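The file upload.txt contains compact mmCIF, C-alpha atoms:
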```
# COMPACT_ATOMS: atom_id res chain seq x y z
CA MET A 1 68.96 109.61 114.15
CA LYS A 2 71.69 112.11 114.98
CA ALA A 3 70.48 115.62 115.76
CA VAL A 4 71.28 118.20 113.11
CA GLU A 5 73.60 120.01 115.52
CA ASP A 6 75.44 116.79 116.37
CA ILE A 7 76.09 116.02 112.70
CA HIS A 8 77.29 119.58 112.11
CA MET A 9 79.66 119.45 115.08
CA PHE A 10 80.96 116.07 114.00
CA TYR A 11 81.97 117.34 110.59
CA GLU A 12 83.49 120.49 112.03
CA HIS A 13 85.77 118.62 114.42
CA ASN A 14 86.56 115.31 112.73
CA MET A 15 88.51 114.33 109.63
CA VAL A 16 86.57 111.62 107.79
CA SER A 17 88.25 109.73 104.94
CA ASP A 18 85.19 107.61 104.18
CA ILE A 19 81.72 108.96 104.82
CA ARG A 20 80.39 105.41 105.17
CA ALA A 21 82.03 105.23 108.59
CA VAL A 22 79.57 107.85 109.80
CA LEU A 23 76.39 107.15 107.89
CA GLU A 24 76.63 103.43 107.13
CA ASP A 25 73.36 102.63 108.84
CA GLU A 26 72.25 105.92 110.35
CA TRP A 27 70.48 108.84 108.77
CA GLY A 28 72.01 112.28 109.13
CA MET A 29 72.79 115.59 107.48
CA GLU A 30 76.13 117.04 106.49
CA ILE A 31 75.51 120.77 106.65
CA ILE A 32 77.71 123.00 104.55
CA ASN A 33 75.44 126.06 104.56
CA TYR A 34 72.24 126.72 106.50
CA PRO A 35 69.12 127.95 104.64
CA LYS A 36 68.67 131.72 104.86
CA ALA A 37 66.43 132.66 107.77
CA ASP A 38 64.30 135.09 105.74
CA VAL A 39 63.59 132.76 102.79
CA VAL A 40 60.55 130.50 102.42
CA PHE A 41 60.80 127.93 99.65
CA LYS A 42 57.73 127.63 97.42
CA HIS A 43 59.28 126.12 94.28
CA VAL A 44 61.22 122.87 94.51
CA LEU A 45 63.21 121.23 91.70
CA PHE A 46 64.02 117.52 91.72
CA ASP A 47 66.39 115.51 89.60
CA PHE A 48 65.02 112.06 88.75
CA ASP A 49 67.55 109.25 88.25
CA GLY A 50 69.50 108.57 91.43
CA THR A 51 67.59 111.26 93.33
CA LEU A 52 64.10 109.78 93.33
CA SER A 53 64.28 106.84 90.93
CA LEU A 54 66.61 103.84 91.12
CA ILE A 55 65.30 102.20 87.95
CA ARG A 56 68.51 103.14 86.13
CA GLU A 57 70.85 102.22 88.98
CA GLY A 58 74.10 100.99 87.47
CA TRP A 59 74.04 103.27 84.42
CA ARG A 60 77.64 104.42 85.06
CA GLY A 61 78.71 100.78 84.88
CA ILE A 62 77.22 100.69 81.38
CA MET A 63 78.33 104.08 80.03
CA ILE A 64 81.90 104.25 81.29
CA PRO A 65 83.07 100.81 80.03
CA TYR A 66 81.36 101.45 76.68
CA PHE A 67 83.07 104.83 76.25
CA VAL A 68 86.42 103.32 77.29
CA GLU A 69 85.90 100.56 74.72
CA VAL A 70 85.32 103.17 71.99
CA LEU A 71 88.42 105.19 72.90
CA LEU A 72 90.67 102.15 73.18
CA ASP A 73 89.87 101.47 69.51
CA THR A 74 91.35 104.80 68.36
CA PRO A 75 94.81 105.09 66.72
CA LYS A 76 96.35 107.18 69.51
CA ALA A 77 94.76 105.47 72.48
CA GLU A 78 96.61 105.60 75.79
CA SER A 79 96.56 102.85 78.37
CA LYS A 80 93.22 101.48 79.54
CA GLU A 81 93.87 102.93 83.00
CA ALA A 82 94.48 106.44 81.64
CA ILE A 83 91.41 106.36 79.41
CA ASP A 84 89.26 104.94 82.20
CA GLU A 85 90.29 107.82 84.47
CA GLU A 86 89.53 110.45 81.84
CA VAL A 87 86.18 108.95 80.86
CA THR A 88 85.09 108.65 84.49
CA LEU A 89 85.99 112.29 85.04
CA PHE A 90 83.99 113.70 82.12
CA VAL A 91 81.03 111.36 82.57
CA ASP A 92 80.69 112.40 86.21
CA ARG A 93 81.27 116.07 85.44
CA LEU A 94 78.45 116.04 82.89
CA THR A 95 76.06 113.96 84.99
CA GLY A 96 72.77 115.83 85.14
CA LYS A 97 72.92 117.14 81.59
CA GLN A 98 71.22 115.28 78.77
CA THR A 99 72.98 112.05 77.78
CA ILE A 100 73.82 113.54 74.40
CA PHE A 101 76.32 115.92 76.06
CA GLN A 102 78.39 112.97 77.30
CA CYS A 103 78.23 111.50 73.80
CA ILE A 104 79.34 114.81 72.24
CA LYS A 105 82.31 114.82 74.59
CA LEU A 106 83.08 111.20 73.67
CA ASP A 107 83.12 112.10 69.97
CA GLY A 108 85.57 114.91 70.65
CA GLU A 109 87.85 112.53 72.55
CA VAL A 110 87.71 110.06 69.64
CA VAL A 111 88.77 112.74 67.15
CA LYS A 112 91.52 113.94 69.51
CA ARG A 113 92.98 110.44 69.41
CA GLY A 114 92.94 110.21 65.62
CA GLY A 115 89.61 108.42 65.33
CA VAL A 116 86.83 109.10 62.84
CA LYS A 117 84.29 111.77 63.77
CA ASN A 118 80.85 110.32 64.36
CA GLU A 119 77.34 111.52 65.10
CA PRO A 120 76.98 111.69 68.91
CA GLY A 121 73.50 110.25 68.47
CA VAL A 122 75.08 106.99 67.27
CA TYR A 123 76.94 106.66 70.57
CA LYS A 124 73.81 107.58 72.49
CA ALA A 125 71.74 104.94 70.71
CA GLU A 126 74.25 102.19 71.50
CA TYR A 127 74.53 103.28 75.13
CA LEU A 128 70.74 103.29 75.49
CA ARG A 129 70.55 99.86 73.88
CA ARG A 130 72.99 98.48 76.45
CA LEU A 131 71.24 100.28 79.30
CA GLY A 132 67.89 98.95 78.06
CA VAL A 133 69.15 95.40 78.47
CA HIS A 134 70.32 96.27 81.99
CA ILE A 135 66.96 97.68 83.15
CA GLU A 136 64.59 95.58 81.03
CA ASN A 137 63.52 93.34 83.91
CA ARG A 138 62.99 96.30 86.22
CA ILE A 139 60.60 97.97 83.78
CA LYS A 140 58.81 94.64 83.29
CA ASP A 141 58.57 94.16 87.04
CA LEU A 142 57.03 97.60 87.56
CA THR A 143 54.68 97.27 84.61
CA GLU A 144 53.30 94.00 85.94
CA ASN A 145 53.24 94.92 89.63
CA ASN A 146 53.22 98.55 90.73
CA ASN A 147 53.24 97.43 94.38
CA LYS A 148 56.98 97.00 93.86
CA ALA A 149 57.53 100.70 93.14
CA HIS A 150 59.14 101.31 96.54
CA GLU A 151 61.91 98.84 95.64
CA TYR A 152 63.02 101.12 92.80
CA MET A 153 62.96 104.45 94.66
CA VAL A 154 65.23 106.29 97.05
CA PRO A 155 63.73 105.65 100.53
CA GLY A 156 61.40 108.35 101.83
CA GLY A 157 60.95 110.12 98.51
CA VAL A 158 57.18 109.77 98.36
CA GLU A 159 56.77 110.96 101.95
CA LEU A 160 58.96 114.01 101.28
CA LEU A 161 57.00 114.91 98.15
CA GLU A 162 53.75 114.65 100.12
CA LEU A 163 55.08 116.96 102.83
CA LEU A 164 56.29 119.50 100.27
CA ARG A 165 52.93 119.39 98.49
CA ASP A 166 51.14 119.89 101.81
CA LYS A 167 53.24 123.01 102.35
CA GLY A 168 51.92 124.41 99.08
CA CYS A 169 55.16 124.00 97.15
CA THR A 170 55.12 123.69 93.37
CA LEU A 171 57.22 120.69 92.40
CA TYR A 172 59.29 120.31 89.22
CA LEU A 173 61.04 117.24 87.85
CA ALA A 174 63.96 117.77 85.44
CA SER A 175 66.15 115.00 84.06
CA GLY A 176 68.89 114.43 81.51
CA THR A 177 67.08 111.24 80.47
CA ASP A 178 64.85 111.40 77.39
CA GLU A 179 61.58 113.10 78.30
CA ILE A 180 59.32 110.28 77.12
CA ASP A 181 61.24 107.83 79.34
CA VAL A 182 61.16 110.15 82.35
CA GLN A 183 57.41 110.52 82.01
CA ASN A 184 56.90 106.78 81.67
CA GLU A 185 59.18 105.86 84.56
CA ALA A 186 57.69 108.55 86.83
CA ARG A 187 54.27 107.07 86.05
CA LEU A 188 55.44 103.52 86.81
CA LEU A 189 56.71 104.72 90.19
CA GLY A 190 53.53 106.68 90.90
CA LEU A 191 55.45 109.96 91.09
CA ASP A 192 53.83 111.74 88.15
CA LYS A 193 50.91 112.90 90.34
CA PHE A 194 53.25 115.16 92.32
CA PHE A 195 54.61 117.01 89.28
CA GLY A 196 51.72 117.17 86.82
CA GLU A 197 52.80 119.05 83.71
CA HIS A 198 56.15 120.00 85.28
CA ILE A 199 58.10 116.94 84.10
CA TYR A 200 61.02 117.79 81.84
CA GLY A 201 63.60 115.63 80.09
CA ALA A 202 65.88 115.53 77.11
CA VAL A 203 64.44 116.31 73.67
CA ASP A 204 66.35 115.25 70.55
CA ALA A 205 66.37 118.73 69.01
CA MET A 206 67.61 120.37 72.22
CA THR A 207 71.29 121.32 72.36
CA ASP A 208 71.11 123.53 75.46
CA CYS A 209 71.05 122.16 78.99
CA SER A 210 67.40 121.30 79.78
CA LYS A 211 67.83 121.83 83.52
CA GLU A 212 69.27 125.28 83.03
CA ALA A 213 66.25 126.17 80.87
CA VAL A 214 63.85 124.85 83.52
CA ILE A 215 65.57 126.83 86.29
CA LYS A 216 65.43 130.04 84.24
CA GLU A 217 61.75 129.46 83.49
CA ILE A 218 60.87 128.81 87.15
CA ILE A 219 62.60 132.00 88.28
CA SER A 220 61.26 134.17 85.46
CA LYS A 221 57.68 132.87 85.43
CA ASN A 222 57.26 133.18 89.20
CA ASN A 223 59.29 136.38 89.63
CA LEU A 224 61.59 134.70 92.15
CA THR A 225 64.93 135.62 93.53
CA GLY A 226 67.30 132.68 93.06
CA ALA A 227 67.40 132.20 96.83
CA GLU A 228 63.74 131.12 96.82
CA LEU A 229 64.51 127.99 94.79
CA LEU A 230 65.16 124.70 96.59
CA SER A 231 66.60 121.72 94.73
CA PHE A 232 67.39 118.05 95.29
CA GLY A 233 69.84 116.23 93.04
CA ASP A 234 72.63 113.69 92.86
CA GLY A 235 74.54 115.15 89.89
CA TYR A 236 77.15 117.88 89.58
CA VAL A 237 75.19 119.86 86.99
CA GLU A 238 71.94 120.53 88.86
CA ILE A 239 73.83 121.37 92.05
CA GLU A 240 76.08 123.85 90.25
CA LEU A 241 73.20 125.45 88.31
CA VAL A 242 71.07 126.09 91.39
CA SER A 243 74.08 127.28 93.41
CA ASP A 244 74.94 129.73 90.62
CA VAL A 245 71.53 131.42 90.90
CA GLY A 246 71.76 131.57 94.70
CA GLY A 247 69.33 128.73 95.40
CA TYR A 248 69.64 126.11 98.13
CA SER A 249 70.96 122.79 96.83
CA VAL A 250 70.47 119.51 98.66
CA GLY A 251 72.86 116.82 97.45
CA VAL A 252 71.32 113.35 97.60
CA ALA A 253 74.34 111.05 97.86
CA THR A 254 72.49 107.74 98.10
CA ASP A 255 74.33 104.43 97.88
CA GLU A 256 71.97 103.16 95.18
CA VAL A 257 72.91 99.49 95.58
CA ARG A 258 72.28 99.34 99.33
CA ARG A 259 69.45 101.91 99.21
CA LYS A 260 70.86 103.57 102.34
CA GLY A 261 74.03 105.28 103.44
CA VAL A 262 76.24 107.63 101.44
CA ASN A 263 78.10 106.89 98.24
CA PRO A 264 81.46 108.66 98.77
CA VAL A 265 81.98 109.24 95.03
CA LYS A 266 78.63 111.00 94.79
CA ARG A 267 79.36 112.99 97.93
CA GLU A 268 82.63 114.35 96.54
CA ARG A 269 80.94 115.24 93.24
CA LEU A 270 78.13 117.05 95.04
CA LEU A 271 80.46 118.99 97.30
CA GLU A 272 82.51 120.02 94.28
CA GLY A 273 79.34 121.26 92.59
CA GLY A 274 78.51 123.48 95.57
CA ALA A 275 75.90 121.51 97.54
CA ASP A 276 74.62 123.26 100.67
CA LEU A 277 73.50 120.06 102.37
CA ILE A 278 74.35 116.38 101.89
CA ILE A 279 71.90 113.63 102.84
CA PRO A 280 71.99 109.86 102.25
CA ASP A 281 68.31 109.63 101.26
CA PHE A 282 64.89 110.90 102.39
CA ALA A 283 64.36 108.30 105.14
CA GLU A 284 63.68 111.03 107.73
CA PRO A 285 61.44 113.41 105.78
CA GLN A 286 59.94 115.16 108.81
CA GLU A 287 63.37 116.08 110.15
CA LEU A 288 64.48 117.25 106.72
CA ILE A 289 61.42 119.47 106.32
CA ALA A 290 61.89 120.89 109.83
CA PHE A 291 65.45 121.85 108.92
CA LEU A 292 64.63 123.38 105.53
CA PHE A 293 61.46 125.19 106.63
CA HIS A 294 62.76 126.55 109.94
```

Let me see the structure of the file written as structure tokens.
Amino acid sequence: MKAVEDIHMFYEHNMVSDIRAVLEDEWGMEIINYPKADVVFKHVLFDFDGTLSLIREGWRGIMIPYFVEVLLDTPKAESKEAIDEEVTLFVDRLTGKQTIFQCIKLDGEVVKRGGVKNEPGVYKAEYLRRLGVHIENRIKDLTENNNKAHEYMVPGGVELLELLRDKGCTLYLASGTDEIDVQNEARLLGLDKFFGEHIYGAVDAMTDCSKEAVIKEIISKNNLTGAELLSFGDGYVEIELVSDVGGYSVGVATDEVRRKGVNPVKRERLLEGGADLIIPDFAEPQELIAFLFH
């Protein structure tokens, strides 16, 4: 493992076009901002899909082609390449919010191209149907054999959660996935024990961002300054929200297929959102804790 200082120096003095060249097979940290010396984190917010869970790995490969397919069927559709670029942009920009927000945006793009306005829930239902086919065997696998849970998680996640719990931190899980599914999948992975009643997901009647509501509740209920909130996430939204309140945001840029190394697309998205630290996974939890709890 590279020392924290070595990683920091490397990024200060080298131009890197592809982060894989640095972290292909080696764990390290890309430090944008150091944690404040006078702050001790006691409340820690985690995203779920792509941050801890890999059950839904490949969801972008389901959503983006489906949305492109819908827009190509509109009267004023541009080229497939142009639509693909626009869909990828708004899907990634809204990653971290409830799925319905991406479907609301899709409906607006349909209308803009002369298509018929639809209920966003119709698009969501079809996307979830397609995603369900994609992950069906994974859910079956976990249901029948929970010893396989580690195969569907970002490496080191359990160990990090244990260390945070041992430090007396209160842990929160907030996801854009439907709440009933988050609760079920957290249980299948054995992660529910770390969060207890603090597991939040999308609710059909909710039209506000669930993660924003959770962050406000954490700060208000515990009388925190924003700086006392630590978060881990792989989406633009949670990084931006925590950064906006002055919290410390760790961007988890895992290559979900390889289960190690950095996904450069994720990294760019996380940096754009305002991440303070980029890591490939949690494979070195002791070093990560030592850095965050200096």

Notebook entry, point to check: At what distance in Å, to one decimal, does CA of Asp181 (chain A) lie from CA of Val91 (chain A)?
Noted result: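 Rounded to one decimal, the two atoms are 20.4 Å apart.
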
Note to self: Which residue is closest to Glu268 (chain A)? Choose from A:Tyr248, A:Gly235, A:Val242, A:Asp178 and count all atoms listed in the file.
What the structure shows: A:Gly235

Next item on the list: Write out as a PyMOL selection string the residues lying within 12 Å of Asp192 (chain A), counting all atoms listed in the file and excluding same-chain residues fewer than 4 positions away.
Entry: chain A and resi 48+52-53+158+161+171-173+182-188+196-200

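When CA of Asn222 (chain A) is paired with CA of Val40 (chain A), their separation reads 13.9 Å.
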
Item checked: Residues near Leu72 (chain A), cut-off 12 Å, only C-alpha atoms, skip fewer than 3 positions along chain, as a ChimeraX atom specification -> /A:65-69,75-84,87,106,109-110,113-115

Notebook entry, point to check: Hey, which of A:Pro264, A:Arg259, A:Glu57, A:Ile100 ends up closest to His150 (chain A)? Count all atoms listed in the file.
Noted result: A:Arg259

How close does region 145-236 of chain A get to region 251-254 of chain A? List, as a Markdown table, each residue of region 145-236 of chain A within 7 Å, its nearest atom pair and the distance in Å to one decimal, counting all atoms listed in the file.
```
| residue | atom | partner | partner_atom | distance |
| --- | --- | --- | --- | --- |
| A:Phe232 | CA | A:Gly251 | CA | 6.0 |
| A:Gly233 | CA | A:Gly251 | CA | 5.4 |
| A:Asp234 | CA | A:Val252 | CA | 4.9 |
```

Select all residues near (74.7, 119.3, 87.1) (cut-off 10 Å, inclusive, file coordinates), counting all atoms listed in the file, and output them as an mmCIF file with C-alpha atoms, in the coordinates of the input.
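Output (part-v4.cif):
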```
data_model
loop_
_atom_site.group_PDB
_atom_site.id
_atom_site.type_symbol
_atom_site.label_atom_id
_atom_site.label_comp_id
_atom_site.auth_asym_id
_atom_site.auth_seq_id
_atom_site.Cartn_x
_atom_site.Cartn_y
_atom_site.Cartn_z
ATOM 1 C CA ASP A 47 66.390 115.510 89.600
ATOM 2 C CA ASP A 92 80.690 112.400 86.210
ATOM 3 C CA ARG A 93 81.270 116.070 85.440
ATOM 4 C CA LEU A 94 78.450 116.040 82.890
ATOM 5 C CA THR A 95 76.060 113.960 84.990
ATOM 6 C CA GLY A 96 72.770 115.830 85.140
ATOM 7 C CA LYS A 97 72.920 117.140 81.590
ATOM 8 C CA GLN A 98 71.220 115.280 78.770
ATOM 9 C CA GLY A 176 68.890 114.430 81.510
ATOM 10 C CA CYS A 209 71.050 122.160 78.990
ATOM 11 C CA LYS A 211 67.830 121.830 83.520
ATOM 12 C CA GLU A 212 69.270 125.280 83.030
ATOM 13 C CA GLY A 233 69.840 116.230 93.040
ATOM 14 C CA ASP A 234 72.630 113.690 92.860
ATOM 15 C CA GLY A 235 74.540 115.150 89.890
ATOM 16 C CA TYR A 236 77.150 117.880 89.580
ATOM 17 C CA VAL A 237 75.190 119.860 86.990
ATOM 18 C CA GLU A 238 71.940 120.530 88.860
ATOM 19 C CA ILE A 239 73.830 121.370 92.050
ATOM 20 C CA GLU A 240 76.080 123.850 90.250
ATOM 21 C CA LEU A 241 73.200 125.450 88.310
ATOM 22 C CA VAL A 242 71.070 126.090 91.390
ATOM 23 C CA ARG A 269 80.940 115.240 93.240
ATOM 24 C CA LEU A 270 78.130 117.050 95.040
ATOM 25 C CA GLY A 273 79.340 121.260 92.590
#
```

Checklist line | Distance in Å - CA of Phe195 (chain A) versus CA of Tyr127 (chain A) | finding: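 Between CA of Phe195 (chain A) and CA of Tyr127 (chain A) the gap is 28.0 Å.
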
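Nearest residue to Lys105 (chain A) among A:Leu45, A:Leu71, A:Ala125, A:Val257 is A:Leu71, counting all atoms listed in the file.
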
Margin query: I'd like the neighbourhood of Gly246 (chain A) as a list in words, where a residue qualifies if any of its atoms comes within 10 Å (using only C-alpha atoms), though same-chain residues fewer than 6 positions away should be ignored.
Written below: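 Final neighbour list, sorted by chain and number: Thr225, Gly226, Ala227, Glu228, Leu229, Leu230 and Glu240 of chain A.
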
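Of the listed residues A:Ile215, A:Leu163, A:Met63, A:Ile139, the one whose atoms come nearest to Tyr123 (chain A) is A:Met63, with distances taken using all atoms listed in the file.
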
Would you place a box with edges along x, y and z of the file around all atoms of region 190-200 of chain A listed there, add 3 Å to each of its six sides, and report the centre and edge lengths in Å to one decimal, as lines of an AutoDock Vina configuration file?
```
center_x = 56.0
center_y = 113.3
center_z = 87.1
size_x = 16.1
size_y = 19.3
size_z = 16.5
```

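Considering all atoms listed in the file, the residue among A:Tyr152, A:Gly50, A:Trp27, A:Lys167 positioned nearest to Pro280 (chain A) is A:Trp27.
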
Margin query: Please determine, counting only C-alpha atoms, which residue among A:Phe293, A:Phe194, A:Phe101, A:Tyr34 has the shortest atom-to-atom distance to Thr170 (chain A).
Written below: A:Phe194
